[in-house]
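Below: one structure, written as structure tokens.
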Amino acid sequence: MSEQTPKASGLNRAKLYQLVLFPFNNGATNVYYILTSAYIAYYGGVLGLALVFASTMVTVMRLFDAVTDPIIGALIDKTNGKFGKFRPFMLIGNLIMIVSSFLLYFCTQLVPTTMMPVRYVLYVLFYAIYVIGYTFQTSVTRSGQTVLTNDPKQRPLFTVFNLVASMVGMGAIQFLAPILRANVGDYTTQNFFNVMIPLAMIISFALTILAMIGIWEKDRPEYFGIGGETQQKVKVKEYIALIKANQPLQRLMVAGAGCKLALAIATNTAVLCMLYGGMMGNYDALYLPMMILGYVFSAPFFVLTIRTSQKHGQKASLMRYVAVALVMYIGVLVLLLLWNPENPAFNLALYSMEGGFHLTINLYTILFILFFGIGYGAYYATADMPIPMVADCSDYETYRSGKYVPGIIGTLFSLVDKLVSSLSSTIVGLAAAAIGFTTTLPGGDDPFRPGMNWVVIILFCVVPMVAWAATLIAMKGYSLTGDKMKEIQAVNACRHDAVANGMKLEEAMQKWQTVDQLPEQYRS
């Protein structure tokens, strides 16, 4: 895949290594996302903070993160310095997260227990600083795609590379966590964090450097929208009018929030501890194998989503495979309703180490693997699909108004996405508290408690299914189909070349509005 400038070809295409490396920015931030969503409430318990407080703070800080998004988005749109528009936010954001995580996980514990109010204050302060850094870097994932490529054939590839990068970032923590739990210390101990946090810092920083290399050549003004007056400043009061006029963005916000909420709750560590540990009684033998199986099932869906997106557009792909996930999870729901702790035939079982290794798999487990695997594979392959679709909404805004504002478009999407997904930790914390986990979240060794099965059914199945249903309803009226995006890119390319050759932006906007008005070379 060779790079061509918009002026030379009408399309901005990326090199293969750029498509592969830039998504590692999302992988880098997902390292911290998993740490926060899954383990920071546990660390509140390590510090002796009240569980309700620690869980609620995850939601509060996620809300704070959402509020800071438009501010950072506006800064990105106004930035065009020596080091580009996007790279400074990637590097500075990651460094802020490194410093704030060090302070939170290693310095807060130094405050004596006789000064607990100080621990509470520092926990909130360092957490807030971390959120600012996280917003700096994660905002680039969505906004930076607009300069990487606008080719309707290439942009769907970002989804699979983004999923792979996300899997590297998220998977690194998800794989390391149970290993450290077994060999270093449980999630409720300082020893676990003493090893996990430095590893997370190193992994995230390395992924950030790879992402910066990926966007380096494209982080230049010639790739910023149509050009000319599109670089004008957008006033804060215009943001509300912008989002009202950009109906595809409104619908994508609902879809993205639904996908994120489903993923955040269904993969929450406490929920999986209750499912594989409390209900099924063997967390260590089930958690990692089931996670690996989920990733294995995801692989073919990566290919399917790309092919569907390239042939029919990203809307068609998202709706098709979210529907597959919804149908498959009906089967998971039925199996969990049939669960019987007194009957081994209605429990998950893979293998046993008693008297040597031997398989203990049963029909119940085989059906669970099929329903869960296909459902997880389908929704995991679509979980980040709204991210490249944000770039479509940004290109649509340039097509609609002439303004190049990828920062604010991306962060407006993030705002709603985070407002909704911020509920995940609080929902899990409150549900756990309802069945007696008032001082710490459920761990892998915690035994079954009355009502735990209903908590798992609701959090692991019902909430994601409702979120997917909302996604399907929202996307039904989404107008940026594959054919529409081809027209938008062609019109934007024609306007870009005209402005570069001296035409006024207003004149170009007025002269070319539909594909049939374009010169022949832009129609192919």
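Simple scheme: letters A, B, ... for chains in structure tokens order, numbers from 1 for residues in each chain, numbers from 1 for ligands in the order shown.
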
Counting only C-alpha atoms, what is within 8 Å of region 30-35 of chain A, bar same-chain residues fewer than 3 positions away, as number ranges by chain?
A: 26-27, 38-40, 166, 169-170, 172-174, 200, 203-204

Output N, CA, C and O atoms of each residue in that selection to a file, as a PDB file, in the first residue's frame.
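Final file, part_30.pdb:
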ATOM      1  N   ASN A  26      -4.281   3.262  20.702  1.00  0.00           N
ATOM      2  CA  ASN A  26      -5.425   2.737  21.445  1.00  0.00           C
ATOM      3  C   ASN A  26      -4.983   1.600  22.358  1.00  0.00           C
ATOM      4  O   ASN A  26      -5.483   1.450  23.476  1.00  0.00           O
ATOM      5  N   GLY A  27      -4.058   0.770  21.878  1.00  0.00           N
ATOM      6  CA  GLY A  27      -3.522  -0.290  22.726  1.00  0.00           C
ATOM      7  C   GLY A  27      -2.836   0.262  23.954  1.00  0.00           C
ATOM      8  O   GLY A  27      -2.974  -0.272  25.065  1.00  0.00           O
ATOM      9  N   ALA A  38     -10.792  -2.409  35.956  1.00  0.00           N
ATOM     10  CA  ALA A  38     -10.810  -3.707  36.622  1.00  0.00           C
ATOM     11  C   ALA A  38     -10.157  -3.712  38.003  1.00  0.00           C
ATOM     12  O   ALA A  38     -10.566  -4.478  38.879  1.00  0.00           O
ATOM     13  N   TYR A  39      -9.137  -2.866  38.226  1.00  0.00           N
ATOM     14  CA  TYR A  39      -8.323  -3.049  39.426  1.00  0.00           C
ATOM     15  C   TYR A  39      -8.194  -1.841  40.350  1.00  0.00           C
ATOM     16  O   TYR A  39      -7.770  -1.993  41.486  1.00  0.00           O
ATOM     17  N   ILE A  40      -8.560  -0.656  39.870  1.00  0.00           N
ATOM     18  CA  ILE A  40      -8.328   0.500  40.734  1.00  0.00           C
ATOM     19  C   ILE A  40      -9.262   0.483  41.951  1.00  0.00           C
ATOM     20  O   ILE A  40      -8.906   0.965  43.032  1.00  0.00           O
ATOM     21  N   SER A 166      -5.588  -3.212  20.381  1.00  0.00           N
ATOM     22  CA  SER A 166      -6.320  -3.219  21.645  1.00  0.00           C
ATOM     23  C   SER A 166      -6.110  -4.525  22.390  1.00  0.00           C
ATOM     24  O   SER A 166      -5.957  -4.547  23.614  1.00  0.00           O
ATOM     25  N   GLY A 169      -2.792  -4.448  24.102  1.00  0.00           N
ATOM     26  CA  GLY A 169      -2.808  -3.653  25.330  1.00  0.00           C
ATOM     27  C   GLY A 169      -3.666  -4.260  26.421  1.00  0.00           C
ATOM     28  O   GLY A 169      -3.212  -4.466  27.552  1.00  0.00           O
ATOM     29  N   MET A 170      -4.913  -4.578  26.085  1.00  0.00           N
ATOM     30  CA  MET A 170      -5.816  -5.167  27.068  1.00  0.00           C
ATOM     31  C   MET A 170      -5.381  -6.575  27.450  1.00  0.00           C
ATOM     32  O   MET A 170      -5.379  -6.959  28.619  1.00  0.00           O
ATOM     33  N   ALA A 172      -2.458  -7.928  27.392  1.00  0.00           N
ATOM     34  CA  ALA A 172      -1.253  -7.983  28.218  1.00  0.00           C
ATOM     35  C   ALA A 172      -1.618  -7.942  29.696  1.00  0.00           C
ATOM     36  O   ALA A 172      -1.100  -8.727  30.507  1.00  0.00           O
ATOM     37  N   ILE A 173      -2.539  -7.052  30.066  1.00  0.00           N
ATOM     38  CA  ILE A 173      -2.948  -6.935  31.465  1.00  0.00           C
ATOM     39  C   ILE A 173      -3.812  -8.125  31.872  1.00  0.00           C
ATOM     40  O   ILE A 173      -3.663  -8.685  32.964  1.00  0.00           O
ATOM     41  N   GLN A 174      -4.720  -8.529  30.986  1.00  0.00           N
ATOM     42  CA  GLN A 174      -5.614  -9.640  31.309  1.00  0.00           C
ATOM     43  C   GLN A 174      -4.866 -10.963  31.462  1.00  0.00           C
ATOM     44  O   GLN A 174      -5.237 -11.814  32.264  1.00  0.00           O
ATOM     45  N   ALA A 200       2.893  -2.384  33.351  1.00  0.00           N
ATOM     46  CA  ALA A 200       1.908  -1.653  32.556  1.00  0.00           C
ATOM     47  C   ALA A 200       2.509  -0.368  31.986  1.00  0.00           C
ATOM     48  O   ALA A 200       2.264  -0.016  30.818  1.00  0.00           O
ATOM     49  N   ILE A 203       4.857  -1.314  29.023  1.00  0.00           N
ATOM     50  CA  ILE A 203       4.097  -1.778  27.850  1.00  0.00           C
ATOM     51  C   ILE A 203       3.407  -0.607  27.165  1.00  0.00           C
ATOM     52  O   ILE A 203       3.475  -0.449  25.942  1.00  0.00           O
ATOM     53  N   SER A 204       2.740   0.245  27.937  1.00  0.00           N
ATOM     54  CA  SER A 204       2.000   1.370  27.365  1.00  0.00           C
ATOM     55  C   SER A 204       2.930   2.363  26.677  1.00  0.00           C
ATOM     56  O   SER A 204       2.629   2.865  25.582  1.00  0.00           O
TER      57      SER A 204
END

Distance query region 154-165 of chain A at most 7 Å, only C-alpha atoms, self and fewer than 4 positions along chain excluded, as a PyMOL selection string:
chain A and resi 19-20+23-24+26-27+149-150+169+302+306+309-310+314+381+384-385+388

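With only C-alpha atoms as the atoms that count, the residue of A:Leu419, A:Ala41, A:Cys461, A:Val46 with the shortest distance to Thr188 (chain A) is A:Val46.
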
When you look at region 453-458 of chain A with a cut-off of 7 Å (counting only C-alpha atoms), what residues show up, excluding the ones that are within fewer than 2 positions of it in the same chain? I need them as a ChimeraX atom specification.
/A:271,274-275,279,333,336,431,451,460-463

Please identify all polymer residues within 9 Å of Gly48 (chain A), counting only C-alpha atoms, omitting same-chain residues fewer than 5 positions from it, and present them as a PDB file with C-alpha atoms, in the first residue's frame.
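Saved file selection_1.pdb follows:
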ATOM      1  CA  TYR A  43      -6.520  -0.832  45.091  1.00  0.00           C
ATOM      2  CA  THR A 113      -3.441   4.737  58.351  1.00  0.00           C
ATOM      3  CA  MET A 116      -6.913   8.193  56.300  1.00  0.00           C
ATOM      4  CA  ARG A 119      -5.257   8.963  51.650  1.00  0.00           C
ATOM      5  CA  THR A 439     -15.618  -4.010  51.807  1.00  0.00           C
TER       6      THR A 439
END

Skip Ile387 (chain A) itself and residues of its chain fewer than 2 positions away, then list as an NGL selection string all residues within 10 Å of it, counting only C-alpha atoms.
:A and (26 or 141-143 or 145 or 158-159 or 162 or 252 or 256 or 382-385 or 389-392 or 410 or 413-414)

What would the file look like if the residues just selected were written as a short mmCIF file (atom, residue, chain, number, x, y, z; two decimals), in the first residue's frame with N, CA, C and O atoms?
data_model
loop_
_atom_site.label_atom_id
_atom_site.label_comp_id
_atom_site.auth_asym_id
_atom_site.auth_seq_id
_atom_site.Cartn_x
_atom_site.Cartn_y
_atom_site.Cartn_z
N ASN A 26 -4.28 3.26 20.70
CA ASN A 26 -5.43 2.74 21.45
C ASN A 26 -4.98 1.60 22.36
O ASN A 26 -5.48 1.45 23.48
N THR A 141 -6.68 8.84 19.22
CA THR A 141 -7.06 7.61 18.53
C THR A 141 -8.15 7.87 17.50
O THR A 141 -8.09 7.37 16.37
N ARG A 142 -9.14 8.66 17.86
CA ARG A 142 -10.24 8.93 16.96
C ARG A 142 -9.90 10.05 15.97
O ARG A 142 -10.15 9.93 14.78
N SER A 143 -9.34 11.14 16.46
CA SER A 143 -9.10 12.30 15.59
C SER A 143 -7.96 12.06 14.60
O SER A 143 -7.99 12.57 13.48
N GLN A 145 -7.16 9.48 12.92
CA GLN A 145 -7.48 8.65 11.76
C GLN A 145 -7.77 9.46 10.51
O GLN A 145 -7.57 8.99 9.39
N PHE A 158 -8.52 -0.31 9.48
CA PHE A 158 -8.15 0.26 10.77
C PHE A 158 -8.83 -0.50 11.90
O PHE A 158 -8.26 -0.67 12.98
N THR A 159 -10.05 -0.98 11.63
CA THR A 159 -10.79 -1.70 12.66
C THR A 159 -10.04 -2.93 13.13
O THR A 159 -9.88 -3.16 14.33
N ASN A 162 -6.80 -2.00 14.77
CA ASN A 162 -7.12 -1.42 16.07
C ASN A 162 -7.50 -2.49 17.08
O ASN A 162 -7.12 -2.44 18.25
N LEU A 252 -24.09 7.46 16.08
CA LEU A 252 -22.88 6.70 16.39
C LEU A 252 -22.54 6.79 17.86
O LEU A 252 -21.99 5.85 18.44
N GLY A 256 -21.79 3.54 19.87
CA GLY A 256 -20.50 3.39 20.52
C GLY A 256 -20.63 3.22 22.02
O GLY A 256 -19.92 2.40 22.63
N THR A 382 -16.55 -6.13 16.79
CA THR A 382 -17.26 -4.89 16.50
C THR A 382 -17.13 -3.85 17.61
O THR A 382 -17.56 -2.71 17.44
N ALA A 383 -16.54 -4.23 18.75
CA ALA A 383 -16.51 -3.33 19.90
C ALA A 383 -15.84 -2.00 19.60
O ALA A 383 -16.27 -0.95 20.08
N ASP A 384 -14.78 -2.03 18.78
CA ASP A 384 -14.07 -0.80 18.44
C ASP A 384 -14.40 -0.29 17.05
O ASP A 384 -13.77 0.66 16.58
N MET A 385 -15.36 -0.91 16.37
CA MET A 385 -15.71 -0.47 15.03
C MET A 385 -16.21 0.98 14.99
O MET A 385 -15.96 1.69 14.01
N MET A 389 -15.40 4.76 12.45
CA MET A 389 -16.61 5.41 11.96
C MET A 389 -16.68 6.86 12.43
O MET A 389 -17.35 7.69 11.79
N VAL A 390 -15.99 7.18 13.53
CA VAL A 390 -15.90 8.58 13.96
C VAL A 390 -15.18 9.40 12.91
O VAL A 390 -15.53 10.56 12.64
N ALA A 391 -14.16 8.80 12.28
CA ALA A 391 -13.45 9.50 11.20
C ALA A 391 -14.39 9.78 10.04
O ALA A 391 -14.29 10.83 9.39
N ASP A 392 -15.30 8.85 9.77
CA ASP A 392 -16.31 9.10 8.73
C ASP A 392 -17.18 10.30 9.10
O ASP A 392 -17.49 11.13 8.24
N GLY A 410 -14.22 13.81 17.51
CA GLY A 410 -13.81 12.60 18.22
C GLY A 410 -14.11 12.67 19.70
O GLY A 410 -14.56 11.69 20.30
N PHE A 413 -17.85 12.43 20.61
CA PHE A 413 -18.21 11.02 20.64
C PHE A 413 -17.75 10.39 21.94
O PHE A 413 -18.48 9.64 22.60
N SER A 414 -16.52 10.69 22.34
CA SER A 414 -15.97 10.12 23.57
C SER A 414 -16.75 10.56 24.80
O SER A 414 -16.90 9.79 25.75
#

I want to know what sits within 12 Å of Phe437 (chain A), based on only C-alpha atoms, with residues of the same chain fewer than 5 positions away left out; could you give that as a PDB file with C-alpha atoms, in the first residue's frame?
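Output below, filename selection29.pdb:
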ATOM      1  CA  TYR A  42      -9.379  -3.203  44.316  1.00  0.00           C
ATOM      2  CA  GLY A  45      -9.389  -1.695  49.259  1.00  0.00           C
ATOM      3  CA  ALA A  50     -14.520   2.145  51.550  1.00  0.00           C
ATOM      4  CA  LEU A  51     -15.533  -0.081  48.626  1.00  0.00           C
ATOM      5  CA  VAL A  52     -18.534   2.087  47.742  1.00  0.00           C
ATOM      6  CA  SER A  55     -16.161   2.041  43.045  1.00  0.00           C
ATOM      7  CA  ALA A 270     -15.334  -8.933  39.470  1.00  0.00           C
ATOM      8  CA  MET A 274     -18.258 -14.417  40.343  1.00  0.00           C
ATOM      9  CA  VAL A 428     -20.722  -3.801  39.262  1.00  0.00           C
ATOM     10  CA  GLY A 429     -19.796  -2.368  42.667  1.00  0.00           C
ATOM     11  CA  LEU A 430     -23.416  -1.807  43.691  1.00  0.00           C
ATOM     12  CA  ALA A 431     -24.446  -5.249  42.439  1.00  0.00           C
ATOM     13  CA  ALA A 432     -21.615  -6.879  44.405  1.00  0.00           C
ATOM     14  CA  PRO A 442     -15.353 -10.479  44.625  1.00  0.00           C
ATOM     15  CA  GLY A 443     -12.122 -12.360  44.055  1.00  0.00           C
ATOM     16  CA  ASP A 446     -14.598 -16.142  47.011  1.00  0.00           C
ATOM     17  CA  PRO A 447     -17.270 -18.844  47.384  1.00  0.00           C
ATOM     18  CA  PHE A 448     -20.801 -18.626  46.044  1.00  0.00           C
ATOM     19  CA  ARG A 449     -23.233 -16.381  47.887  1.00  0.00           C
ATOM     20  CA  PRO A 450     -27.024 -16.355  47.557  1.00  0.00           C
ATOM     21  CA  GLY A 451     -28.062 -14.165  44.651  1.00  0.00           C
ATOM     22  CA  MET A 452     -24.647 -14.272  42.935  1.00  0.00           C
TER      23      MET A 452
END

So, with only C-alpha atoms as the atoms that count, which of A:Met212, A:Arg220, A:Leu337, A:Ala182 lies closest to Ala285 (chain A)?
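The answer is A:Ala182, which sits nearest to Ala285 (chain A).
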
Min atom-atom distance to Gln137 (chain A) from the set A:Phe301, A:Phe175, A:Gly407, A:Leu16, counting only C-alpha atoms, belongs to A:Gly407
